[in-house]
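Visitor: What follows is the file model_29.csv, containing CSV, C-alpha atoms:
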chain,number,residue,atom,x,y,z
A,676,MET,CA,8.2,-25.6,2.7
A,677,ALA,CA,7.1,-28.1,5.2
A,678,SER,CA,4.2,-27.0,7.3
A,679,GLY,CA,5.9,-28.3,10.5
A,680,ASN,CA,8.7,-25.8,10.1
A,681,PHE,CA,6.8,-22.6,10.8
A,682,THR,CA,5.5,-23.5,14.3
A,683,GLY,CA,1.9,-22.4,13.9
A,684,VAL,CA,2.5,-19.1,12.1
A,685,THR,CA,-0.4,-18.7,9.6
A,686,GLU,CA,-0.1,-15.0,8.9
A,687,PHE,CA,2.3,-12.1,9.2
A,688,ILE,CA,1.7,-8.4,10.1
A,689,LEU,CA,3.3,-5.8,7.8
A,690,THR,CA,4.2,-2.6,9.6
A,691,GLY,CA,4.0,-0.7,6.3
A,692,VAL,CA,6.0,2.3,5.1
A,693,SER,CA,5.1,4.2,8.3
A,694,ASP,CA,3.2,3.5,11.5
A,695,CYS,CA,2.2,7.1,11.9
A,696,PRO,CA,-1.6,7.2,11.7
A,697,GLU,CA,-1.8,10.8,10.2
A,698,LEU,CA,0.5,9.8,7.3
A,699,GLN,CA,-1.6,6.8,6.1
A,700,ILE,CA,-4.0,8.7,3.9
A,701,PRO,CA,-1.3,11.1,2.4
A,702,LEU,CA,1.0,8.2,1.7
A,703,PHE,CA,-1.9,6.2,0.1
A,704,LEU,CA,-2.6,9.1,-2.2
A,705,VAL,CA,1.1,9.6,-3.1
A,706,PHE,CA,1.6,5.9,-3.8
A,707,LEU,CA,-1.7,5.6,-5.7
A,708,VAL,CA,-0.5,8.3,-8.0
A,709,ILE,CA,2.9,6.7,-8.5
A,710,TYR,CA,1.3,3.3,-9.2
A,711,GLY,CA,-1.2,4.9,-11.6
A,712,LEU,CA,1.7,6.5,-13.5
A,713,THR,CA,3.6,3.2,-13.5
A,714,VAL,CA,0.6,1.3,-15.0
A,715,THR,CA,-0.1,4.1,-17.5
A,716,GLY,CA,3.5,4.5,-18.6
A,717,ASN,CA,4.4,0.8,-18.9
A,718,LEU,CA,1.1,0.0,-20.7
A,719,GLY,CA,1.9,2.9,-23.0
A,720,ILE,CA,5.3,1.5,-23.8
A,721,ILE,CA,3.9,-2.0,-24.4
A,722,THR,CA,1.2,-0.6,-26.7
A,723,LEU,CA,3.4,1.6,-28.7
A,724,THR,CA,6.1,-1.0,-29.3
A,725,SER,CA,3.4,-3.5,-30.2
A,726,VAL,CA,1.4,-1.5,-32.7
A,727,ASP,CA,3.8,0.9,-34.3
A,728,SER,CA,5.3,-0.5,-37.4
A,729,ARG,CA,8.5,1.6,-37.0
A,730,LEU,CA,9.2,0.1,-33.6
A,731,GLN,CA,9.3,-3.5,-34.7
A,732,THR,CA,13.0,-4.0,-34.0
A,733,PRO,CA,14.9,-6.0,-31.3
A,734,MET,CA,15.7,-3.0,-29.2
A,735,TYR,CA,12.0,-2.1,-28.8
A,736,PHE,CA,11.0,-5.8,-28.5
A,737,PHE,CA,13.3,-6.0,-25.4
A,738,LEU,CA,12.0,-2.6,-24.2
A,739,ARG,CA,8.5,-4.1,-24.3
A,740,GLN,CA,9.6,-7.0,-22.2
A,741,LEU,CA,11.2,-4.6,-19.7
A,742,ALA,CA,7.9,-2.7,-19.4
A,743,VAL,CA,6.0,-6.0,-18.8
A,744,ILE,CA,8.5,-6.9,-16.0
A,745,ASN,CA,8.3,-3.4,-14.5
A,746,LEU,CA,4.5,-3.6,-14.5
A,747,GLY,CA,4.5,-7.0,-13.0
A,748,ASN,CA,7.0,-6.1,-10.3
A,749,SER,CA,5.1,-3.1,-9.1
A,750,THR,CA,1.8,-4.9,-9.3
A,751,VAL,CA,3.1,-7.6,-7.0
A,752,ILE,CA,3.9,-5.0,-4.3
A,753,ALA,CA,1.6,-1.9,-4.8
A,754,PRO,CA,-2.0,-3.2,-4.3
A,755,LYS,CA,-1.2,-4.9,-1.0
A,756,MET,CA,0.8,-1.9,0.1
A,757,LEU,CA,-2.0,0.5,-0.8
A,758,THR,CA,-4.6,-1.7,1.0
A,759,SER,CA,-2.5,-1.8,4.1
A,760,LEU,CA,-2.5,1.9,4.3
A,761,LEU,CA,-6.3,2.0,4.6
A,762,VAL,CA,-6.9,-0.8,7.0
A,763,LYS,CA,-6.1,-1.3,10.7
A,764,LYS,CA,-5.3,-5.0,10.4
A,765,LYS,CA,-2.3,-5.1,8.2
A,766,THR,CA,-2.0,-8.8,7.9
A,767,ILE,CA,-0.8,-11.1,5.1
A,768,SER,CA,-1.3,-14.9,5.1
A,769,TYR,CA,1.8,-17.2,5.3
A,770,TYR,CA,1.2,-18.5,1.8
A,771,GLU,CA,0.3,-15.1,0.3
A,772,CYS,CA,3.6,-13.8,1.8
A,773,ALA,CA,5.5,-16.7,0.2
A,774,THR,CA,3.8,-16.1,-3.1
A,775,GLN,CA,4.5,-12.4,-3.0
A,776,PHE,CA,8.2,-13.0,-2.2
A,777,GLY,CA,8.6,-15.6,-5.0
A,778,ALA,CA,6.9,-13.3,-7.5
A,779,PHE,CA,9.0,-10.4,-6.5
A,780,LEU,CA,12.2,-12.5,-6.9
A,781,PHE,CA,11.0,-13.6,-10.3
A,782,PHE,CA,10.4,-10.1,-11.7
A,783,THR,CA,13.6,-8.7,-10.0
A,784,VAL,CA,15.9,-11.3,-11.5
A,785,ALA,CA,14.1,-11.1,-14.8
A,786,GLU,CA,14.7,-7.3,-14.9
A,787,VAL,CA,18.4,-7.7,-14.0
A,788,THR,CA,18.8,-10.2,-16.8
A,789,MET,CA,16.8,-8.2,-19.3
A,790,LEU,CA,18.9,-5.1,-18.7
A,791,ALA,CA,22.0,-7.2,-19.5
A,792,VAL,CA,20.3,-8.6,-22.7
A,793,MET,CA,19.5,-5.0,-23.8
A,794,ALA,CA,23.1,-4.0,-23.3
A,795,TYR,CA,24.2,-6.9,-25.4
A,796,ASP,CA,21.8,-5.9,-28.1
A,797,ARG,CA,23.2,-2.4,-28.2
A,798,TYR,CA,26.8,-3.8,-28.3
A,799,VAL,CA,26.0,-5.9,-31.4
A,800,ALA,CA,24.1,-3.1,-33.1
A,801,ILE,CA,26.9,-0.6,-32.7
A,802,CYS,CA,30.0,-2.8,-32.8
A,803,ASN,CA,28.9,-5.3,-35.4
A,804,PRO,CA,26.2,-3.6,-37.5
A,805,LEU,CA,26.7,-5.8,-40.5
A,806,LEU,CA,26.0,-8.9,-38.5
A,807,TYR,CA,23.2,-7.5,-36.5
A,808,THR,CA,20.3,-9.1,-38.3
A,809,LEU,CA,22.1,-12.4,-38.2
A,810,VAL,CA,23.2,-12.3,-34.5
A,811,VAL,CA,20.1,-10.7,-33.1
A,812,SER,CA,17.5,-12.5,-35.2
A,813,TRP,CA,13.9,-12.9,-34.1
A,814,ARG,CA,14.6,-16.4,-33.0
A,815,ILE,CA,17.5,-15.3,-30.8
A,816,CYS,CA,15.3,-12.5,-29.4
A,817,LEU,CA,12.6,-14.9,-28.4
A,818,LEU,CA,15.1,-17.4,-27.0
A,819,LEU,CA,16.8,-14.7,-24.9
A,820,VAL,CA,13.4,-13.5,-23.5
A,821,ILE,CA,12.3,-17.1,-22.7
A,822,LEU,CA,15.6,-17.8,-21.0
A,823,THR,CA,15.3,-14.6,-19.0
A,824,TYR,CA,11.9,-15.6,-17.7
A,825,LEU,CA,12.9,-19.2,-17.0
A,826,TYR,CA,16.0,-18.0,-15.1
A,827,GLY,CA,13.9,-15.7,-13.0
A,828,PHE,CA,11.4,-18.5,-12.3
A,829,SER,CA,14.1,-21.0,-11.3
A,830,THR,CA,15.8,-18.5,-9.0
A,831,ALA,CA,12.4,-17.9,-7.2
A,832,ILE,CA,11.8,-21.6,-6.9
A,833,VAL,CA,15.2,-22.2,-5.3
A,834,VAL,CA,15.4,-19.2,-3.0
A,835,SER,CA,11.8,-18.9,-1.8
A,836,PRO,CA,11.7,-22.3,0.0
A,837,CYS,CA,15.0,-21.6,1.7
A,838,VAL,CA,13.6,-18.5,3.3
A,839,PHE,CA,10.2,-20.0,4.2
A,840,SER,CA,11.6,-23.2,5.6
A,841,MET,CA,12.7,-21.3,8.7
A,842,SER,CA,10.8,-21.4,12.0
A,843,TYR,CA,9.0,-18.3,13.0
A,844,CYS,CA,8.3,-18.5,16.7
A,845,SER,CA,9.4,-15.1,18.3
A,846,SER,CA,7.2,-12.7,16.3
A,847,ASN,CA,5.2,-12.5,13.1
A,848,VAL,CA,5.5,-8.7,12.7
A,849,ILE,CA,7.5,-7.9,9.5
A,850,ASN,CA,9.2,-4.5,9.6
A,851,HIS,CA,8.4,-3.8,6.0
A,852,PHE,CA,5.6,-3.0,3.5
A,853,TYR,CA,6.0,-6.3,1.7
A,854,CYS,CA,7.5,-9.8,2.3
A,855,ASP,CA,11.3,-9.5,1.7
A,856,ASN,CA,14.0,-11.9,2.8
A,857,VAL,CA,15.9,-9.6,5.3
A,858,PRO,CA,13.0,-8.7,7.6
A,859,LEU,CA,11.6,-12.3,7.3
A,860,LEU,CA,14.9,-13.9,8.3
A,861,ALA,CA,15.2,-11.3,11.2
A,862,LEU,CA,12.1,-12.9,12.7
A,863,SER,CA,13.3,-16.5,12.5
A,864,CYS,CA,14.4,-18.4,15.6
A,865,SER,CA,16.2,-21.0,13.5
A,866,ASP,CA,19.7,-20.9,12.3
A,867,THR,CA,19.5,-18.6,9.3
A,868,TYR,CA,23.1,-19.1,8.0
A,869,ILE,CA,22.2,-21.3,5.1
A,870,PRO,CA,19.3,-19.2,3.7
A,871,GLU,CA,21.2,-16.0,4.3
A,872,THR,CA,24.2,-17.5,2.4
A,873,ILE,CA,22.0,-18.7,-0.5
A,874,VAL,CA,20.2,-15.3,-0.8
A,875,PHE,CA,23.6,-13.5,-0.7
A,876,ILE,CA,25.2,-15.8,-3.3
A,877,SER,CA,22.2,-15.6,-5.5
A,878,ALA,CA,21.9,-11.8,-5.3
A,879,ALA,CA,25.6,-11.3,-5.7
A,880,THR,CA,25.9,-13.7,-8.6
A,881,ASN,CA,22.9,-12.2,-10.5
A,882,LEU,CA,23.9,-8.6,-10.0
A,883,VAL,CA,27.7,-9.0,-10.6
A,884,SER,CA,27.4,-11.3,-13.6
A,885,SER,CA,24.8,-9.1,-15.3
A,886,LEU,CA,26.7,-6.0,-14.4
A,887,ILE,CA,29.8,-7.4,-16.0
A,888,ILE,CA,27.9,-8.1,-19.2
A,889,VAL,CA,26.6,-4.5,-19.2
A,890,LEU,CA,30.1,-3.0,-18.4
A,891,VAL,CA,31.9,-5.1,-21.0
A,892,SER,CA,29.2,-4.3,-23.6
A,893,TYR,CA,29.5,-0.5,-23.0
A,894,PHE,CA,33.3,-0.7,-22.8
A,895,ASN,CA,33.3,-2.1,-26.3
A,896,ILE,CA,30.7,0.3,-27.5
A,897,VAL,CA,32.8,3.3,-26.3
A,898,LEU,CA,35.9,1.9,-28.0
A,899,SER,CA,33.9,1.5,-31.3
A,900,ILE,CA,32.5,5.0,-31.0
A,901,LEU,CA,35.9,6.5,-30.4
A,902,LYS,CA,37.1,4.9,-33.7
A,903,ILE,CA,34.4,6.9,-35.6
A,904,ARG,CA,36.1,10.0,-37.0
A,905,SER,CA,33.1,12.3,-37.5
A,906,SER,CA,31.4,13.8,-34.4
A,907,GLU,CA,28.0,13.3,-36.2
A,908,GLY,CA,28.7,9.6,-36.6
A,909,ARG,CA,29.7,9.2,-33.0
A,910,LYS,CA,26.6,11.0,-31.8
A,911,LYS,CA,24.3,8.9,-34.0
A,912,ALA,CA,26.0,5.7,-32.9
A,913,PHE,CA,25.5,6.4,-29.2
A,914,SER,CA,22.0,8.0,-29.6
A,915,THR,CA,20.2,4.8,-28.6
A,916,CYS,CA,22.3,4.2,-25.4
A,917,PRO,CA,21.6,7.0,-22.9
A,918,SER,CA,18.2,5.8,-21.9
A,919,HIS,CA,19.5,2.3,-21.2
A,920,VAL,CA,22.6,3.7,-19.3
A,921,THR,CA,20.3,5.8,-17.1
A,922,ALA,CA,18.0,2.9,-16.3
A,923,VAL,CA,20.9,0.6,-15.6
A,924,THR,CA,22.6,3.1,-13.3
A,925,VAL,CA,19.5,3.7,-11.2
A,926,PHE,CA,18.4,0.1,-11.0
A,927,TYR,CA,21.8,-1.6,-10.3
A,928,GLY,CA,22.9,1.1,-7.9
A,929,THR,CA,19.8,0.6,-5.8
A,930,LEU,CA,20.0,-3.2,-5.8
A,931,LEU,CA,23.7,-3.3,-5.0
A,932,PHE,CA,23.0,-1.0,-2.1
A,933,MET,CA,20.2,-3.3,-0.9
A,934,TYR,CA,21.4,-6.8,-1.3
A,935,VAL,CA,25.1,-7.2,-1.7
A,936,GLN,CA,26.0,-6.6,1.9
A,937,PRO,CA,25.9,-8.8,5.0
A,938,ARG,CA,22.8,-8.9,7.2
A,939,THR,CA,24.7,-7.2,10.0
A,940,ASN,CA,25.1,-4.1,7.9
A,941,HIS,CA,21.4,-3.8,7.1
A,942,SER,CA,19.2,-1.1,8.5
A,943,LEU,CA,15.6,-2.1,8.0
A,944,ASP,CA,14.4,1.5,7.9
A,945,THR,CA,16.9,2.5,5.3
A,946,ASP,CA,16.1,-0.7,3.3
A,947,LYS,CA,12.4,0.4,3.4
A,948,ILE,CA,13.2,3.7,1.8
A,949,ALA,CA,15.3,2.1,-0.9
A,950,SER,CA,12.6,-0.6,-1.4
A,951,VAL,CA,10.0,2.1,-2.1
A,952,PHE,CA,12.3,3.5,-4.8
A,953,TYR,CA,13.0,0.3,-6.7
A,954,THR,CA,9.6,-1.4,-6.3
A,955,LEU,CA,7.5,1.7,-7.2
A,956,GLY,CA,9.9,4.5,-8.3
A,957,ILE,CA,12.0,2.7,-10.9
A,958,PRO,CA,9.0,1.0,-12.7
A,959,MET,CA,7.4,4.5,-12.9
A,960,LEU,CA,10.6,6.2,-14.0
A,961,ASN,CA,11.7,3.7,-16.7
A,962,PRO,CA,8.9,4.6,-19.2
A,963,MET,CA,9.7,8.3,-18.7
A,964,ILE,CA,13.4,7.6,-19.2
A,965,TYR,CA,12.8,5.7,-22.4
A,966,SER,CA,10.1,8.1,-23.7
A,967,LEU,CA,11.7,11.5,-22.9
A,968,ARG,CA,15.2,10.5,-24.1
A,969,ASN,CA,14.1,8.6,-27.2
A,970,LYS,CA,13.1,10.4,-30.3
A,971,GLU,CA,11.6,7.4,-32.0
A,972,VAL,CA,9.3,6.6,-29.0
A,973,LYS,CA,8.2,10.3,-28.8
A,974,ALA,CA,7.5,10.3,-32.5
A,975,ALA,CA,5.5,7.1,-32.2
A,976,LEU,CA,3.5,8.5,-29.3
A,977,LYS,CA,2.8,11.7,-31.4
A,978,ARG,CA,1.6,9.5,-34.3
A,979,PHE,CA,-0.5,7.4,-32.0
A,980,MET,CA,-2.2,10.5,-30.4
A,981,THR,CA,-2.8,12.0,-33.8
A,982,ASP,CA,-4.4,8.8,-35.3
A,983,PRO,CA,-4.6,5.8,-33.0
A,984,CYS,CA,-5.6,3.5,-35.9
A,985,TYR,CA,-2.7,4.6,-38.2
A,986,SER,CA,-0.2,1.9,-37.4
A,987,PHE,CA,-1.9,-1.1,-35.8
A,988,ASN,CA,0.6,-3.7,-36.9
A,989,LEU,CA,-0.5,-7.2,-36.0
A,990,CYS,CA,2.1,-8.8,-38.2
A,991,SER,CA,4.7,-11.1,-36.7
A,992,PHE,CA,7.9,-9.6,-35.2
A,993,ARG,CA,10.5,-8.8,-37.8
A,994,ILE,CA,14.0,-7.4,-37.9
A,995,GLN,CA,14.5,-4.1,-39.8
Produce structure tokens that represent the structure in this file.
Guide:
Amino acid sequence: MASGNFTGVTEFILTGVSDCPELQIPLFLVFLVIYGLTVTGNLGIITLTSVDSRLQTPMYFFLRQLAVINLGNSTVIAPKMLTSLLVKKKTISYYECATQFGAFLFFTVAEVTMLAVMAYDRYVAICNPLLYTLVVSWRICLLLVILTYLYGFSTAIVVSPCVFSMSYCSSNVINHFYCDNVPLLALSCSDTYIPETIVFISAATNLVSSLIIVLVSYFNIVLSILKIRSSEGRKKAFSTCPSHVTAVTVFYGTLLFMYVQPRTNHSLDTDKIASVFYTLGIPMLNPMIYSLRNKEVKAALKRFMTDPCYSFNLCSFRIQ
């Protein structure tokens, strides 16, 4: 990101969710509640899956990582968004904007990858239960998580400089509540073909490849479940999947709508609404989805509320 490429632009102005003055305080209160629920819910999932001895399995290890990612993603966006709703000067410095965009990319790509990893985990657990402890050992779990974070970081390192290497000479007003590639590139007076192509290829590759893993995993899961003769056996085999299926449907559906389309088809106002949903809504909903639809998590929460000291398990991660 050479300093000579941005022609004197040292800060951007974020228009926010709405430029209507009378909506600023109500929106602040709504988003503050949403962010508070997001922090509480994800910290709750992280705590329960860390201290409860009955949740020391690969599935809940990956769920803990998803909660960490959700918490990180919303924290990258929400504080600045909330601050902008209270102040008149809604500015963000050039380098703060670049950092926010890079961090957002990191957590978004990590979440996409983690959802695919969780689908693979369910595939192995249901389709190859006898090999589960061998295929999904603690070393494999740690390796998959490390690779997830490394891949998210490498994507951010590659894509961010492409976007911020453009010249911004016509305006510094970003029609959004955070620094995203579409409104940023809309401000550029340079040829944006290369960064647009890189962003599109990166988004399409990440979404489509991870979605293929999810679909193939669940296709094989369904085939395996159909082979089970008893209805009770089929129900038990699929009991751990609905939460993940719901989270995947909501997350992938929103991102496919947002990013896998040419710039000419984008409506920035529509993107803003969708962005609110996946930057604040989804991180808030995921803990609820995994708590309300998961008997083991609800039981762990009940045990924790009854006696917070009952199951503090500081032992190393183990497969059960």
Visitor: Name all residues at most 7 Å from Phe782 in chain A (count all atoms listed in the file; drop same-chain ones fewer than 6 positions away) and give them as a list in words.
Guide: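 Once the nearby chain positions are removed, what remains is Ile744, Gly747, Asn748 and Gly827 of chain A.
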Visitor: I need the residues from that last selection saved to file as a CSV table (one decimal), in the frame of the given file (with C-alpha atoms), if you can.
Guide:
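The resulting file, part.csv, is shown below:
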chain,number,residue,atom,x,y,z
A,744,ILE,CA,8.5,-6.9,-16.0
A,747,GLY,CA,4.5,-7.0,-13.0
A,748,ASN,CA,7.0,-6.1,-10.3
A,827,GLY,CA,13.9,-15.7,-13.0
Visitor: Between A:Leu746, A:Ile767, A:Ile709, A:Leu790, single out the one closest to Met734 in chain A, counting only C-alpha atoms.
Guide: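 Residue with the minimum atom-to-atom distance to Met734 in chain A: A:Leu790.
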Visitor: In the coordinates of the file, take the point (-3.2, -0.3, 2.5) and a cut-off of 10 Å; then, counting all atoms listed in the file, name each qualifying protein, DNA or RNA residue as a compact mmCIF listing (two decimals) with C-alpha atoms, keeping the file's coordinate frame.
Guide:
# COMPACT_ATOMS: atom_id res chain seq x y z
CA GLY A 691 4.00 -0.70 6.30
CA VAL A 692 6.00 2.30 5.10
CA GLN A 699 -1.60 6.80 6.10
CA ILE A 700 -4.00 8.70 3.90
CA LEU A 702 1.00 8.20 1.70
CA PHE A 703 -1.90 6.20 0.10
CA ALA A 753 1.60 -1.90 -4.80
CA PRO A 754 -2.00 -3.20 -4.30
CA LYS A 755 -1.20 -4.90 -1.00
CA MET A 756 0.80 -1.90 0.10
CA LEU A 757 -2.00 0.50 -0.80
CA THR A 758 -4.60 -1.70 1.00
CA SER A 759 -2.50 -1.80 4.10
CA LEU A 760 -2.50 1.90 4.30
CA LEU A 761 -6.30 2.00 4.60
CA VAL A 762 -6.90 -0.80 7.00
CA LYS A 763 -6.10 -1.30 10.70
CA LYS A 764 -5.30 -5.00 10.40
CA LYS A 765 -2.30 -5.10 8.20
CA PHE A 852 5.60 -3.00 3.50
Visitor: When you count all atoms listed in the file, which of these residues is closest to Phe952 in chain A: A:Ala974, A:Ile752, A:Val857, A:Met980?
Guide: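 With all atoms listed in the file as the atom set, the closest residue is A:Ile752.
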Visitor: Show which residues sit within 8 Å of range 879-891 of chain A, as a PyMOL selection string. Count only C-alpha atoms, and ignore same-chain residues fewer than 5 positions away.
Guide: chain A and resi 784+787-788+790-791+794-795+927+930-931+934-935
Visitor: One number please: CA of Phe926 in chain A to CA of Val848 in chain A, in Å, one decimal.
Guide: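 We find that CA of Phe926 in chain A and CA of Val848 in chain A lie 28.4 Å from each other.
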Visitor: Restricting the calculation to only C-alpha atoms, which member of A:Val799, A:Ala861, A:Leu780, A:Leu723 is positioned closest to Ser829 in chain A?
Guide: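 Among the listed residues, the smallest separation from Ser829 in chain A belongs to A:Leu780.
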Visitor: Rounded to one decimal in Å, what is the spacing between CA of Phe779 in chain A and CA of Glu871 in chain A?
Guide: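 One can read the CA of Phe779 in chain A to CA of Glu871 in chain A distance as 17.2 Å.
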Visitor: Have a look at CA of Phe781 in chain A and CA of Thr924 in chain A and let me know their distance in Å, one decimal.
Guide: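 Result for CA of Phe781 in chain A versus CA of Thr924 in chain A: 20.6 Å, one decimal.
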Visitor: Which residue, A:Thr823, A:Ser840, A:Ser812, A:Asn961, has the smallest gap to Pro733 in chain A when you use all atoms listed in the file?
Guide: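 Looking only at the distances to Pro733 in chain A, the closest residue turns out to be A:Ser812.
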Visitor: Any chance you could model N, CA and C atoms for range 906-932 of chain A and send them as a compact mmCIF listing (two decimals), in the frame of the given file?
Guide:
# COMPACT_ATOMS: atom_id res chain seq x y z
N SER A 906 32.14 13.59 -35.63
CA SER A 906 31.40 13.80 -34.40
C SER A 906 29.90 13.43 -34.62
N GLU A 907 29.41 13.68 -35.83
CA GLU A 907 28.00 13.30 -36.20
C GLU A 907 27.82 11.84 -36.12
N GLY A 908 28.81 11.10 -36.63
CA GLY A 908 28.70 9.60 -36.60
C GLY A 908 28.77 9.08 -35.21
N ARG A 909 29.62 9.68 -34.36
CA ARG A 909 29.70 9.20 -33.00
C ARG A 909 28.40 9.50 -32.22
N LYS A 910 27.83 10.66 -32.47
CA LYS A 910 26.60 11.00 -31.80
C LYS A 910 25.45 10.08 -32.25
N LYS A 911 25.39 9.77 -33.53
CA LYS A 911 24.30 8.90 -34.00
C LYS A 911 24.52 7.47 -33.50
N ALA A 912 25.76 7.02 -33.40
CA ALA A 912 26.00 5.70 -32.90
C ALA A 912 25.60 5.48 -31.47
N PHE A 913 25.79 6.52 -30.67
CA PHE A 913 25.50 6.40 -29.20
C PHE A 913 24.08 6.88 -28.88
N SER A 914 23.33 7.35 -29.87
CA SER A 914 22.00 8.00 -29.60
C SER A 914 21.03 7.06 -28.94
N THR A 915 21.15 5.75 -29.17
CA THR A 915 20.20 4.80 -28.60
C THR A 915 20.58 4.30 -27.21
N CYS A 916 21.73 4.75 -26.70
CA CYS A 916 22.30 4.20 -25.40
C CYS A 916 21.93 4.98 -24.16
N PRO A 917 21.81 6.32 -24.20
CA PRO A 917 21.60 7.00 -22.90
C PRO A 917 20.49 6.58 -22.07
N SER A 918 19.34 6.24 -22.68
CA SER A 918 18.20 5.80 -21.90
C SER A 918 18.51 4.54 -21.12
N HIS A 919 19.15 3.59 -21.80
CA HIS A 919 19.50 2.30 -21.20
C HIS A 919 20.54 2.54 -20.07
N VAL A 920 21.52 3.39 -20.34
CA VAL A 920 22.60 3.70 -19.30
C VAL A 920 21.94 4.28 -18.09
N THR A 921 21.00 5.20 -18.26
CA THR A 921 20.30 5.80 -17.10
C THR A 921 19.55 4.79 -16.30
N ALA A 922 18.78 3.93 -17.00
CA ALA A 922 18.00 2.90 -16.30
C ALA A 922 18.88 1.92 -15.58
N VAL A 923 19.98 1.53 -16.20
CA VAL A 923 20.90 0.60 -15.60
C VAL A 923 21.54 1.19 -14.34
N THR A 924 21.98 2.44 -14.43
CA THR A 924 22.60 3.10 -13.30
C THR A 924 21.71 3.17 -12.09
N VAL A 925 20.47 3.57 -12.32
CA VAL A 925 19.50 3.70 -11.20
C VAL A 925 19.17 2.34 -10.62
N PHE A 926 18.89 1.36 -11.48
CA PHE A 926 18.40 0.10 -11.00
C PHE A 926 19.57 -0.71 -10.28
N TYR A 927 20.71 -0.84 -10.94
CA TYR A 927 21.80 -1.60 -10.30
C TYR A 927 22.34 -0.92 -9.10
N GLY A 928 22.40 0.39 -9.11
CA GLY A 928 22.90 1.10 -7.90
C GLY A 928 22.03 0.84 -6.71
N THR A 929 20.72 0.85 -6.91
CA THR A 929 19.80 0.60 -5.80
C THR A 929 19.92 -0.83 -5.28
N LEU A 930 19.94 -1.80 -6.19
CA LEU A 930 20.00 -3.20 -5.80
C LEU A 930 21.33 -3.57 -5.14
N LEU A 931 22.42 -3.00 -5.66
CA LEU A 931 23.70 -3.30 -5.00
C LEU A 931 23.74 -2.74 -3.61
N PHE A 932 23.13 -1.59 -3.41
CA PHE A 932 23.00 -1.00 -2.10
C PHE A 932 22.21 -1.93 -1.15
